[in-house]
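Asks: Structure file entry35.cif (mmCIF, C-alpha atoms) right here:
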```cif
data_target
loop_
_atom_site.label_atom_id
_atom_site.label_comp_id
_atom_site.auth_asym_id
_atom_site.auth_seq_id
_atom_site.Cartn_x
_atom_site.Cartn_y
_atom_site.Cartn_z
CA MET A 12 11.90 -3.19 17.38
CA ILE A 13 13.36 -3.48 20.90
CA SER A 14 10.29 -3.12 23.10
CA LYS A 15 12.27 -2.36 26.28
CA TYR A 16 13.83 0.78 24.78
CA ARG A 17 10.70 1.81 22.89
CA GLN A 18 8.70 1.77 26.11
CA LEU A 19 11.41 3.64 28.01
CA PHE A 20 11.70 6.31 25.34
CA ASN A 21 7.97 6.87 24.90
CA LYS A 22 7.50 7.09 28.66
CA GLN A 23 10.19 9.79 28.96
CA PHE A 24 9.21 11.69 25.81
CA SER A 25 7.51 15.07 26.01
CA ALA A 26 6.84 17.86 23.51
CA GLN A 27 8.98 20.20 25.64
CA LYS A 28 11.91 17.78 25.61
CA TYR A 29 11.62 17.48 21.82
CA GLU A 30 11.65 21.28 21.48
CA ASP A 31 14.70 21.52 23.76
CA PHE A 32 16.44 18.81 21.71
CA GLN A 33 15.87 20.76 18.47
CA ASN A 34 16.97 24.03 20.06
CA ASP A 35 20.14 22.36 21.30
CA ILE A 36 21.10 21.46 17.73
CA ALA A 37 20.10 24.91 16.46
CA GLU A 38 22.31 26.63 19.06
CA ASP A 39 25.50 24.98 17.77
CA PHE A 40 25.60 27.29 14.73
CA ASN A 41 22.62 29.56 15.36
CA TYR A 42 20.84 27.56 12.65
CA ARG A 43 17.95 25.08 12.79
CA PRO A 44 17.98 22.44 10.03
CA THR A 45 15.32 22.94 7.37
CA PHE A 46 14.57 19.21 7.20
CA ARG A 47 12.35 17.74 9.89
CA MET A 48 14.16 16.16 12.84
CA ALA A 49 12.20 13.13 14.01
CA GLU A 50 11.26 12.82 17.66
CA THR A 51 12.78 9.40 18.23
CA PRO A 52 15.63 7.11 17.25
CA PHE A 53 14.84 3.69 15.73
CA PHE A 54 15.80 0.79 17.97
CA ILE A 55 17.27 -1.98 15.82
CA SER A 56 17.09 -5.55 17.07
CA LYS A 57 19.97 -8.00 16.65
CA GLU A 58 17.96 -9.99 14.11
CA LEU A 59 17.21 -6.93 11.96
CA LYS A 60 20.84 -5.81 12.22
CA LYS A 61 21.93 -9.25 10.98
CA GLN A 62 19.58 -8.95 8.00
CA LEU A 63 20.78 -5.42 7.19
CA LEU A 64 24.40 -6.54 7.23
CA GLU A 65 23.63 -9.53 4.99
CA GLY A 66 21.89 -7.23 2.50
CA CYS A 67 24.82 -4.80 2.58
CA GLN A 68 27.28 -7.63 1.97
CA ASP A 69 25.34 -8.74 -1.12
CA VAL A 70 25.56 -5.17 -2.50
CA ILE A 71 29.27 -4.95 -1.65
CA ASP A 72 29.95 -8.32 -3.33
CA LEU A 73 28.55 -6.91 -6.58
CA ILE A 74 30.53 -3.67 -6.30
CA ARG A 75 33.76 -5.59 -5.59
CA ARG A 76 33.41 -7.75 -8.70
CA PRO A 77 36.44 -7.38 -11.01
CA ASP A 78 34.11 -6.56 -13.92
CA PHE A 79 32.03 -3.98 -12.01
CA LYS A 80 33.43 -1.04 -13.95
CA SER A 81 32.65 -2.66 -17.28
CA LEU A 82 29.16 -3.55 -16.02
CA THR A 83 28.49 0.10 -15.17
CA GLU A 84 30.40 1.90 -17.94
CA LYS A 85 27.18 2.76 -19.76
CA SER A 86 26.04 4.79 -16.74
CA LEU A 87 28.89 7.21 -17.50
CA GLU A 88 28.01 7.38 -21.19
CA LEU A 89 24.58 8.68 -20.11
CA ASN A 90 26.12 11.40 -17.93
CA THR A 91 29.10 13.71 -17.49
CA LYS A 92 32.27 11.62 -17.22
CA VAL A 93 34.93 13.06 -14.92
CA PRO A 94 38.65 12.21 -15.48
CA ASN A 95 41.01 10.61 -12.92
CA GLU A 96 38.54 8.12 -11.53
CA ASP A 97 39.93 6.06 -8.65
CA GLU A 98 39.79 2.28 -8.23
CA HIS A 99 36.71 2.28 -6.03
CA THR A 100 34.24 4.63 -4.40
CA ASN A 101 35.11 6.33 -1.09
CA PHE A 102 31.50 6.38 0.08
CA LEU A 103 28.53 4.07 0.00
CA ALA A 104 24.98 4.66 1.26
CA ILE A 105 22.71 1.60 1.21
CA ASP A 106 19.00 2.28 1.81
CA PHE A 107 16.64 -0.39 3.09
CA GLY A 108 12.90 -0.08 3.66
CA ILE A 109 11.76 -2.08 6.68
CA CYS A 110 9.06 -4.24 5.13
CA GLU A 111 6.78 -7.18 5.69
CA GLU A 112 6.93 -10.31 3.53
CA ASN A 113 5.02 -13.50 4.27
CA GLY A 114 4.23 -12.18 7.73
CA GLN A 115 7.90 -11.55 8.55
CA VAL A 116 9.90 -8.35 9.05
CA ILE A 117 12.56 -8.02 6.33
CA PRO A 118 14.70 -5.14 5.00
CA LYS A 119 14.35 -4.52 1.25
CA LEU A 120 16.91 -2.51 -0.72
CA ILE A 121 15.33 0.70 -1.99
CA GLU A 122 18.42 2.49 -3.29
CA VAL A 123 22.21 2.48 -3.20
CA GLN A 124 24.47 5.51 -3.75
CA GLY A 125 28.20 5.86 -4.28
CA PHE A 126 28.00 9.23 -2.56
CA PRO A 127 28.55 10.66 0.94
CA SER A 128 25.74 11.30 3.37
CA LEU A 129 25.38 13.07 6.73
CA PHE A 130 28.36 11.46 8.48
CA ASN A 131 29.15 14.35 10.82
CA TYR A 132 25.58 15.31 11.69
CA GLN A 133 24.63 11.71 12.53
CA TYR A 134 27.27 11.54 15.25
CA VAL A 135 26.01 14.80 16.77
CA LEU A 136 22.46 13.49 16.67
CA TYR A 137 23.54 10.52 18.80
CA GLU A 138 25.18 12.85 21.35
CA LYS A 139 22.10 15.08 21.55
CA PHE A 140 19.73 12.16 22.00
CA LYS A 141 21.88 10.80 24.87
CA LYS A 142 21.80 14.19 26.56
CA TYR A 143 18.00 14.14 26.81
CA TYR A 144 17.59 10.37 27.20
CA PRO A 145 20.63 9.15 29.20
CA PHE A 146 19.61 5.47 28.99
CA LEU A 147 20.53 5.59 25.28
CA GLU A 148 24.16 5.34 26.41
CA GLU A 149 23.48 1.59 26.48
CA LEU A 150 23.09 1.64 22.68
CA THR A 151 25.29 2.66 19.75
CA PRO A 152 24.75 4.00 16.20
CA PHE A 153 28.05 2.44 15.08
CA ILE A 154 27.88 -0.82 13.15
CA ASP A 155 30.87 -2.48 14.81
CA GLY A 156 30.72 -0.71 18.16
CA ILE A 157 33.73 1.51 17.47
CA THR A 158 34.55 4.54 19.62
CA ALA A 159 33.84 8.12 18.63
CA ALA A 160 37.60 8.68 18.28
CA ASP A 161 37.85 5.77 15.84
CA TYR A 162 34.85 7.10 13.92
CA PHE A 163 36.39 10.53 13.35
CA LYS A 164 39.82 9.07 12.61
CA THR A 165 38.30 6.94 9.85
CA LEU A 166 36.29 9.86 8.45
CA ASP A 167 39.39 12.08 8.49
CA GLU A 168 41.43 9.47 6.62
CA VAL A 169 38.80 9.04 3.92
CA ILE A 170 38.00 12.73 3.46
CA CYS A 171 41.51 14.18 3.78
CA ASN A 172 43.81 11.29 2.79
CA GLY A 173 46.58 12.74 5.01
CA LEU A 174 46.68 16.13 3.22
CA PRO A 175 46.81 19.49 5.07
CA LYS A 176 43.31 20.61 5.97
CA GLN A 177 43.57 23.91 4.09
CA ASN A 178 44.17 21.98 0.86
CA VAL A 179 41.04 19.82 1.28
CA ILE A 180 37.65 21.42 0.63
CA LEU A 181 34.00 20.46 0.96
CA LEU A 182 32.47 21.44 -2.40
CA GLU A 183 28.77 22.15 -3.02
CA ILE A 184 26.45 24.35 -5.06
CA GLU A 185 25.64 27.36 -2.87
CA PRO A 186 26.23 25.34 0.32
CA GLU A 187 24.53 27.95 2.48
CA LYS A 188 21.22 27.17 0.68
CA GLN A 189 21.36 23.37 0.92
CA ASN A 190 19.08 21.38 3.24
CA THR A 191 22.13 19.37 4.34
CA LYS A 192 24.22 22.38 5.36
CA ILE A 193 24.04 21.43 9.05
CA ASP A 194 26.25 18.46 8.15
CA PHE A 195 28.68 20.80 6.36
CA TYR A 196 28.96 22.93 9.50
CA TYR A 197 29.75 19.93 11.69
CA CYS A 198 32.22 18.67 9.10
CA ARG A 199 34.06 22.01 9.13
CA ARG A 200 34.06 22.01 12.94
CA ASP A 201 35.13 18.38 13.45
CA ILE A 202 37.24 17.60 10.36
CA GLY A 203 38.56 21.14 9.93
CA ILE A 204 38.12 21.71 6.19
CA PRO A 205 36.64 24.80 4.49
CA ILE A 206 33.24 24.81 2.77
CA LEU A 207 33.21 26.24 -0.75
CA CYS A 208 30.75 26.85 -3.56
CA VAL A 209 31.62 25.62 -7.05
CA THR A 210 31.79 29.27 -8.13
CA ASP A 211 34.56 29.98 -5.57
CA LEU A 212 37.15 27.85 -7.37
CA ILE A 213 39.79 29.44 -9.58
CA LYS A 214 41.49 27.42 -12.31
CA ASP A 215 45.13 28.08 -13.22
CA GLY A 216 46.51 25.60 -15.72
CA ASN A 217 45.36 22.21 -14.48
CA LYS A 218 45.27 23.29 -10.83
CA LEU A 219 42.41 24.65 -8.73
CA PHE A 220 42.69 27.37 -6.08
CA TYR A 221 40.45 29.29 -3.67
CA LYS A 222 40.93 32.46 -1.65
CA ASN A 223 40.95 32.07 2.13
CA GLU A 224 39.67 34.68 4.59
CA ASN A 225 42.95 36.60 4.19
CA GLN A 226 42.49 36.62 0.40
CA GLU A 227 45.48 34.31 -0.03
CA LEU A 228 45.35 31.84 -2.93
CA ILE A 229 45.31 28.27 -1.58
CA GLN A 230 45.69 25.25 -3.84
CA VAL A 231 42.91 22.65 -3.74
CA LYS A 232 44.53 19.23 -3.61
CA ARG A 233 41.49 17.14 -2.62
CA ILE A 234 37.74 17.71 -3.02
CA TYR A 235 35.16 16.24 -0.64
CA ASN A 236 32.47 16.29 -3.29
CA ARG A 237 28.86 16.99 -2.28
CA VAL A 238 27.76 18.30 -5.71
CA ILE A 239 24.78 16.54 -7.31
CA PHE A 240 25.15 16.73 -11.07
CA ASP A 241 21.45 16.92 -11.93
CA GLU A 242 21.23 20.03 -9.72
CA LEU A 243 24.34 21.46 -11.41
CA GLU A 244 22.80 20.84 -14.85
CA LEU A 245 19.76 22.90 -13.88
CA ARG A 246 21.82 25.83 -12.60
CA LYS A 247 22.65 27.55 -15.89
CA ASP A 248 22.99 30.81 -13.94
CA LEU A 249 26.16 29.65 -12.18
CA LYS A 250 29.45 30.93 -13.59
CA LEU A 251 32.11 28.27 -13.01
CA ASN A 252 35.79 28.92 -13.65
CA PHE A 253 36.41 25.25 -14.35
CA SER A 254 34.60 22.19 -15.66
CA PHE A 255 34.25 18.84 -13.92
CA SER A 256 35.31 17.25 -17.21
CA ASP A 257 38.68 19.10 -17.16
CA GLU A 258 41.89 17.17 -16.57
CA LEU A 259 42.73 18.55 -13.13
CA GLU A 260 45.57 17.98 -10.69
CA VAL A 261 43.26 17.13 -7.82
CA GLU A 262 42.18 14.12 -5.75
CA TRP A 263 38.53 13.34 -5.08
CA ALA A 264 36.95 12.22 -1.82
CA GLY A 265 33.97 10.76 -3.58
CA HIS A 266 34.82 10.84 -7.27
CA PRO A 267 31.75 12.06 -9.20
CA ASN A 268 31.69 9.02 -11.50
CA TRP A 269 30.76 6.76 -8.60
CA PHE A 270 27.50 8.67 -8.14
CA PHE A 271 26.43 7.24 -11.49
CA ARG A 272 28.06 3.81 -11.31
CA ILE A 273 26.62 3.02 -7.87
CA SER A 274 23.04 4.18 -8.21
CA LYS A 275 19.64 2.82 -9.20
CA TYR A 276 21.50 1.69 -12.33
CA ILE A 277 22.70 -1.44 -10.51
CA LEU A 278 19.37 -2.40 -8.90
CA PRO A 279 18.35 -4.74 -11.76
CA MET A 280 21.67 -6.61 -11.23
CA LEU A 281 20.91 -7.49 -7.60
CA LYS A 282 19.04 -10.70 -6.86
CA GLY A 283 18.16 -12.28 -3.53
CA PRO A 284 15.84 -12.04 -0.53
CA TYR A 285 16.73 -8.41 0.30
CA PHE A 286 16.20 -7.05 -3.22
CA ILE A 287 13.12 -5.88 -5.13
CA GLU A 288 12.18 -6.88 -8.67
CA THR A 289 13.57 -4.02 -10.77
CA THR A 290 13.71 -3.63 -14.57
CA LEU A 291 15.47 -1.05 -16.69
CA LEU A 292 12.71 0.48 -18.82
CA SER A 293 14.73 -0.12 -21.99
CA ASP A 294 14.82 -3.85 -21.09
CA LEU A 295 11.09 -4.10 -20.35
CA LYS A 296 9.55 -6.74 -22.61
CA GLU A 297 5.93 -5.79 -21.88
CA ILE A 298 4.16 -3.36 -19.56
CA PRO A 299 2.76 -5.22 -16.51
CA LYS A 300 -1.03 -5.27 -16.25
CA ASP A 301 -0.90 -4.71 -12.47
CA LEU A 302 0.87 -1.32 -12.59
CA GLU A 303 -0.66 -0.42 -9.23
CA ASN A 304 2.05 -2.68 -7.80
CA TYR A 305 4.92 -0.76 -9.40
CA VAL A 306 6.73 2.57 -9.11
CA LEU A 307 8.57 4.41 -11.91
CA LYS A 308 11.89 6.03 -11.02
CA PRO A 309 14.56 8.03 -12.87
CA LEU A 310 17.99 6.45 -12.45
CA PHE A 311 20.05 9.41 -11.35
CA SER A 312 17.69 11.74 -9.49
CA PHE A 313 18.26 12.65 -5.85
CA SER A 314 15.89 12.96 -2.87
CA GLY A 315 13.04 11.21 -4.67
CA SER A 316 12.58 13.80 -7.43
CA GLY A 317 10.85 12.51 -10.57
CA VAL A 318 9.43 9.36 -8.94
CA ILE A 319 5.93 8.38 -10.13
CA PHE A 320 4.24 6.40 -7.39
CA HIS A 321 0.86 5.79 -9.08
CA VAL A 322 2.28 4.82 -12.45
CA THR A 323 0.13 4.35 -15.56
CA LYS A 324 0.75 2.78 -18.96
CA GLY A 325 0.75 6.31 -20.38
CA ASP A 326 3.54 7.35 -17.98
CA ILE A 327 5.75 4.51 -19.23
CA GLU A 328 4.97 5.15 -22.90
CA ALA A 329 5.70 8.86 -22.44
CA VAL A 330 9.28 8.21 -21.29
CA LYS A 331 11.55 8.99 -24.23
CA GLU A 332 14.92 8.06 -22.68
CA LYS A 333 13.95 4.62 -21.46
CA GLU A 334 17.53 3.72 -20.54
CA LEU A 335 17.32 6.39 -17.82
CA TYR A 336 14.35 4.92 -15.92
CA ILE A 337 13.54 1.80 -13.91
CA LEU A 338 10.24 0.12 -13.13
CA GLN A 339 10.34 -1.27 -9.61
CA LYS A 340 7.90 -3.51 -7.76
CA LYS A 341 6.35 -1.80 -4.75
CA VAL A 342 7.13 -3.18 -1.34
CA ASN A 343 4.98 -3.31 1.76
CA TYR A 344 6.59 -0.96 4.28
CA LEU A 345 5.70 -2.19 7.75
CA PRO A 346 4.61 0.50 10.23
CA ILE A 347 6.86 -0.60 13.07
CA VAL A 348 7.79 2.37 15.30
CA GLN A 349 5.20 2.93 17.99
CA SER A 350 4.43 6.63 18.32
CA PRO A 351 1.95 8.10 20.84
CA ASP A 352 -0.78 7.82 18.19
CA GLY A 353 -0.10 5.00 15.78
CA LYS A 354 2.81 3.29 14.08
CA VAL A 355 5.37 4.74 11.69
CA LYS A 356 7.25 3.37 8.66
CA VAL A 357 11.05 3.23 8.54
CA GLU A 358 13.93 3.39 6.09
CA VAL A 359 17.47 2.63 7.26
CA ARG A 360 20.49 3.94 5.37
CA VAL A 361 23.71 2.12 6.23
CA LEU A 362 26.65 4.51 5.78
CA CYS A 363 29.97 3.09 4.61
CA VAL A 364 33.39 4.46 3.75
CA TRP A 365 36.10 2.80 1.69
CA LYS A 366 39.69 3.68 2.48
CA LYS A 367 42.03 3.84 -0.48
CA GLN A 368 44.13 0.83 0.56
CA ASP A 369 41.33 -1.38 1.91
CA PRO A 370 39.99 -4.35 -0.07
CA SER A 371 36.41 -3.66 1.01
CA PRO A 372 34.24 -0.86 2.45
CA THR A 373 33.87 -0.28 6.19
CA LEU A 374 30.30 -0.13 7.50
CA LEU A 375 30.37 2.82 9.88
CA CYS A 376 27.01 4.11 11.05
CA ASN A 377 23.49 4.80 9.80
CA LEU A 378 20.79 7.31 9.02
CA VAL A 379 17.09 6.60 9.50
CA ARG A 380 14.01 8.26 8.04
CA LEU A 381 10.54 7.87 9.50
CA SER A 382 7.32 8.25 7.51
CA ARG A 383 3.57 8.10 7.88
CA GLY A 384 2.97 8.71 4.17
CA GLU A 385 3.00 6.46 1.09
CA MET A 386 6.68 7.13 0.62
CA ILE A 387 9.53 8.27 2.83
CA GLY A 388 10.09 11.68 1.22
CA VAL A 389 9.24 15.08 2.72
CA LYS A 390 6.27 15.76 0.44
CA PHE A 391 4.51 12.64 1.76
CA ASN A 392 4.90 13.73 5.40
CA LYS A 393 3.85 17.37 5.52
CA ASP A 394 2.23 18.46 8.78
CA LYS A 395 2.85 15.08 10.43
CA ASP A 396 4.75 14.31 13.63
CA TRP A 397 7.11 11.45 14.50
CA VAL A 398 8.48 11.61 10.96
CA GLY A 399 11.70 12.88 9.39
CA GLY A 400 15.42 12.26 9.82
CA THR A 401 16.87 10.38 12.77
CA LEU A 402 19.27 7.50 13.48
CA GLY A 403 19.15 3.83 14.33
CA LEU A 404 20.57 2.48 17.56
CA PHE A 405 21.96 -1.04 18.01
CA GLU A 406 22.47 -3.07 21.16
CA LYS A 407 26.13 -3.04 22.22
#
```
Could you spell out this file's structure in structure tokens?
Replies:
Amino acid sequence: MISKYRQLFNKQFSAQKYEDFQNDIAEDFNYRPTFRMAETPFFISKELKKQLLEGCQDVIDLIRRPDFKSLTEKSLELNTKVPNEDEHTNFLAIDFGICEENGQVIPKLIEVQGFPSLFNYQYVLYEKFKKYYPFLEELTPFIDGITAADYFKTLDEVICNGLPKQNVILLEIEPEKQNTKIDFYYCRRDIGIPILCVTDLIKDGNKLFYKNENQELIQVKRIYNRVIFDELELRKDLKLNFSFSDELEVEWAGHPNWFFRISKYILPMLKGPYFIETTLLSDLKEIPKDLENYVLKPLFSFSGSGVIFHVTKGDIEAVKEKELYILQKKVNYLPIVQSPDGKVKVEVRVLCVWKKQDPSPTLLCNLVRLSRGEMIGVKFNKDKDWVGGTLGLFEK
């Protein structure tokens, strides 16, 4: 998108430098991420940044509506409702595909999640890229050009809410087996909170505890929640000592209800130039004849699971719980990143946090995924290069 930086990067790129870059990340914790690290950042022009921010603001305007909770209450009826929900989400991830429409580049909203993403890892990624490509110092991954100190101060406030670090935990299902565990490691290093599995928690009355390395019982006062409920539902083998539906004396950094409220469930409510025609299957009046132009998606799945890209009439008719699926018009992803052998498609995820006392979310940074396949997900990019997870860089 910014030809000056694309040319500079591609000129300086080498397979050896890419290998050194990956090894550098792996050496931090003697662990190499299991997801593919893309070779390059995405250079975001001022015009595209303006469009992304306008699209984000339209999403935020909907979420800030006084009647938003009533609009999304049904999403909780379809899922596990967790008590003690706060006034608004702490986290917001807004995904845009970089597309072409009427010959113009335009971001189109693909998904929105009231859930945290790789906040800590993304900062490290920026530092590593600068180490191997020093000219990237001229650019920033931060939306408003904040400093690294400001970034971590904001993250700390949202995750910990001023509580002692030992009383705040990052909670996951078998965190050591998750693809995103590199982010957990950086979070523990930079924020200073322990990482725990859901099976590690001990319930006593309406309080939760865990045992530290000295086997002392420590009360959990706030949970930085990274648990995806559809994964939890599948793990019948896990023996939990508490239930998410219990009335607990605990704060949430990312209350689980917001995962459902702010999800594909709200896509049909969003109208405008940055949004895609989306219909809840239960509201579909008739099945379109041009189904090759549509994709069928479950509302609450994660990482693209359950998506039917080449949808048929039979697929739609076979869905029993039609209130749990959407039919979405396909968009024309524009191959826009110049690799050594062709162009690559892009999705930009704008990462936001929402402090308890603030009237609106803060747009912090971003995550980018590159693809050569039909879709962005891993299964569409096997054995390909210049694909995978990276970050977008803005002009300062």
Asks: Show me as a ChimeraX atom specification the residues that reach within 12 Å of (-4.1, 8.6, 16.8), counting all atoms listed in the file and using the file's own coordinates.
Replies: /A:349-355,383,395-397
Asks: With all atoms listed in the file as the basis for distance, which of A:Asp39, A:Glu50, A:Glu406, A:Asp167 is at the shortest distance from A:Gln27?
Replies: A:Glu50
Asks: To one decimal place in Å, what is the distance between atom CA of A:Leu245 and atom CA of A:Met48?
Replies: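 Answer for the atom CA of A:Leu245 to atom CA of A:Met48 separation: 28.1 Å.
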Asks: Given the file shown, enumerate the residues that the PyMOL selection byres ((chain A and resi 344) around 6) captures and present them as a short mmCIF file (atom, residue, chain, number, x, y, z; two decimals) with C-alpha atoms, in the frame of the given file.
Replies:
```cif
data_model
loop_
_atom_site.label_atom_id
_atom_site.label_comp_id
_atom_site.auth_asym_id
_atom_site.auth_seq_id
_atom_site.Cartn_x
_atom_site.Cartn_y
_atom_site.Cartn_z
CA ILE A 109 11.76 -2.08 6.68
CA CYS A 110 9.06 -4.24 5.13
CA ASN A 343 4.98 -3.31 1.76
CA LEU A 345 5.70 -2.19 7.75
#
```
Asks: Find the spatial neighbours of A:Trp269, counting all atoms listed in the file, within a cut-off of 12 Å - ignore same-chain residues fewer than 2 positions away - and output them as a PyMOL selection string.
Replies: chain A and resi 74+79-80+83-84+86-87+90-104+123-127+236+239-240+263-267+271-277+311
Asks: Please, could you write that set of residues out with C-alpha atoms as a CSV table (one decimal), keeping the file's coordinate frame?
Replies:
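Generated output (result29.csv):
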```
chain,number,residue,atom,x,y,z
A,74,ILE,CA,30.5,-3.7,-6.3
A,79,PHE,CA,32.0,-4.0,-12.0
A,80,LYS,CA,33.4,-1.0,-14.0
A,83,THR,CA,28.5,0.1,-15.2
A,84,GLU,CA,30.4,1.9,-17.9
A,86,SER,CA,26.0,4.8,-16.7
A,87,LEU,CA,28.9,7.2,-17.5
A,90,ASN,CA,26.1,11.4,-17.9
A,91,THR,CA,29.1,13.7,-17.5
A,92,LYS,CA,32.3,11.6,-17.2
A,93,VAL,CA,34.9,13.1,-14.9
A,94,PRO,CA,38.6,12.2,-15.5
A,95,ASN,CA,41.0,10.6,-12.9
A,96,GLU,CA,38.5,8.1,-11.5
A,97,ASP,CA,39.9,6.1,-8.6
A,98,GLU,CA,39.8,2.3,-8.2
A,99,HIS,CA,36.7,2.3,-6.0
A,100,THR,CA,34.2,4.6,-4.4
A,101,ASN,CA,35.1,6.3,-1.1
A,102,PHE,CA,31.5,6.4,0.1
A,103,LEU,CA,28.5,4.1,0.0
A,104,ALA,CA,25.0,4.7,1.3
A,123,VAL,CA,22.2,2.5,-3.2
A,124,GLN,CA,24.5,5.5,-3.8
A,125,GLY,CA,28.2,5.9,-4.3
A,126,PHE,CA,28.0,9.2,-2.6
A,127,PRO,CA,28.6,10.7,0.9
A,236,ASN,CA,32.5,16.3,-3.3
A,239,ILE,CA,24.8,16.5,-7.3
A,240,PHE,CA,25.2,16.7,-11.1
A,263,TRP,CA,38.5,13.3,-5.1
A,264,ALA,CA,37.0,12.2,-1.8
A,265,GLY,CA,34.0,10.8,-3.6
A,266,HIS,CA,34.8,10.8,-7.3
A,267,PRO,CA,31.8,12.1,-9.2
A,271,PHE,CA,26.4,7.2,-11.5
A,272,ARG,CA,28.1,3.8,-11.3
A,273,ILE,CA,26.6,3.0,-7.9
A,274,SER,CA,23.0,4.2,-8.2
A,275,LYS,CA,19.6,2.8,-9.2
A,276,TYR,CA,21.5,1.7,-12.3
A,277,ILE,CA,22.7,-1.4,-10.5
A,311,PHE,CA,20.0,9.4,-11.4
```
Asks: Pull out every residue that the PyMOL selection byres ((chain A and resi 338) around 12) matches in the shown coordinates and put them as a VMD selection string.
Replies: chain A and resid 275 to 276 278 to 279 287 to 299 302 to 310 318 to 324 326 to 327 330 333 to 337 339 to 341
Asks: List the residues matched by the PyMOL selection byres ((chain A and resi 204) around 9) in the displayed structure as a ChimeraX atom specification, ordered by chain and then by residue number.
Replies: /A:171,176-181,198-203,205-206
Asks: Output C-alpha atoms for every residue in that selection, as a tab-separated table (two decimals), keeping the file's coordinate frame.
Replies:
```tsv
chain	number	residue	atom	x	y	z
A	171	CYS	CA	41.51	14.18	3.78
A	176	LYS	CA	43.31	20.61	5.97
A	177	GLN	CA	43.57	23.91	4.09
A	178	ASN	CA	44.17	21.98	0.86
A	179	VAL	CA	41.04	19.82	1.28
A	180	ILE	CA	37.65	21.42	0.63
A	181	LEU	CA	34.00	20.46	0.96
A	198	CYS	CA	32.22	18.67	9.10
A	199	ARG	CA	34.06	22.01	9.13
A	200	ARG	CA	34.06	22.01	12.94
A	201	ASP	CA	35.13	18.38	13.45
A	202	ILE	CA	37.24	17.60	10.36
A	203	GLY	CA	38.56	21.14	9.93
A	205	PRO	CA	36.64	24.80	4.49
A	206	ILE	CA	33.24	24.81	2.77
```
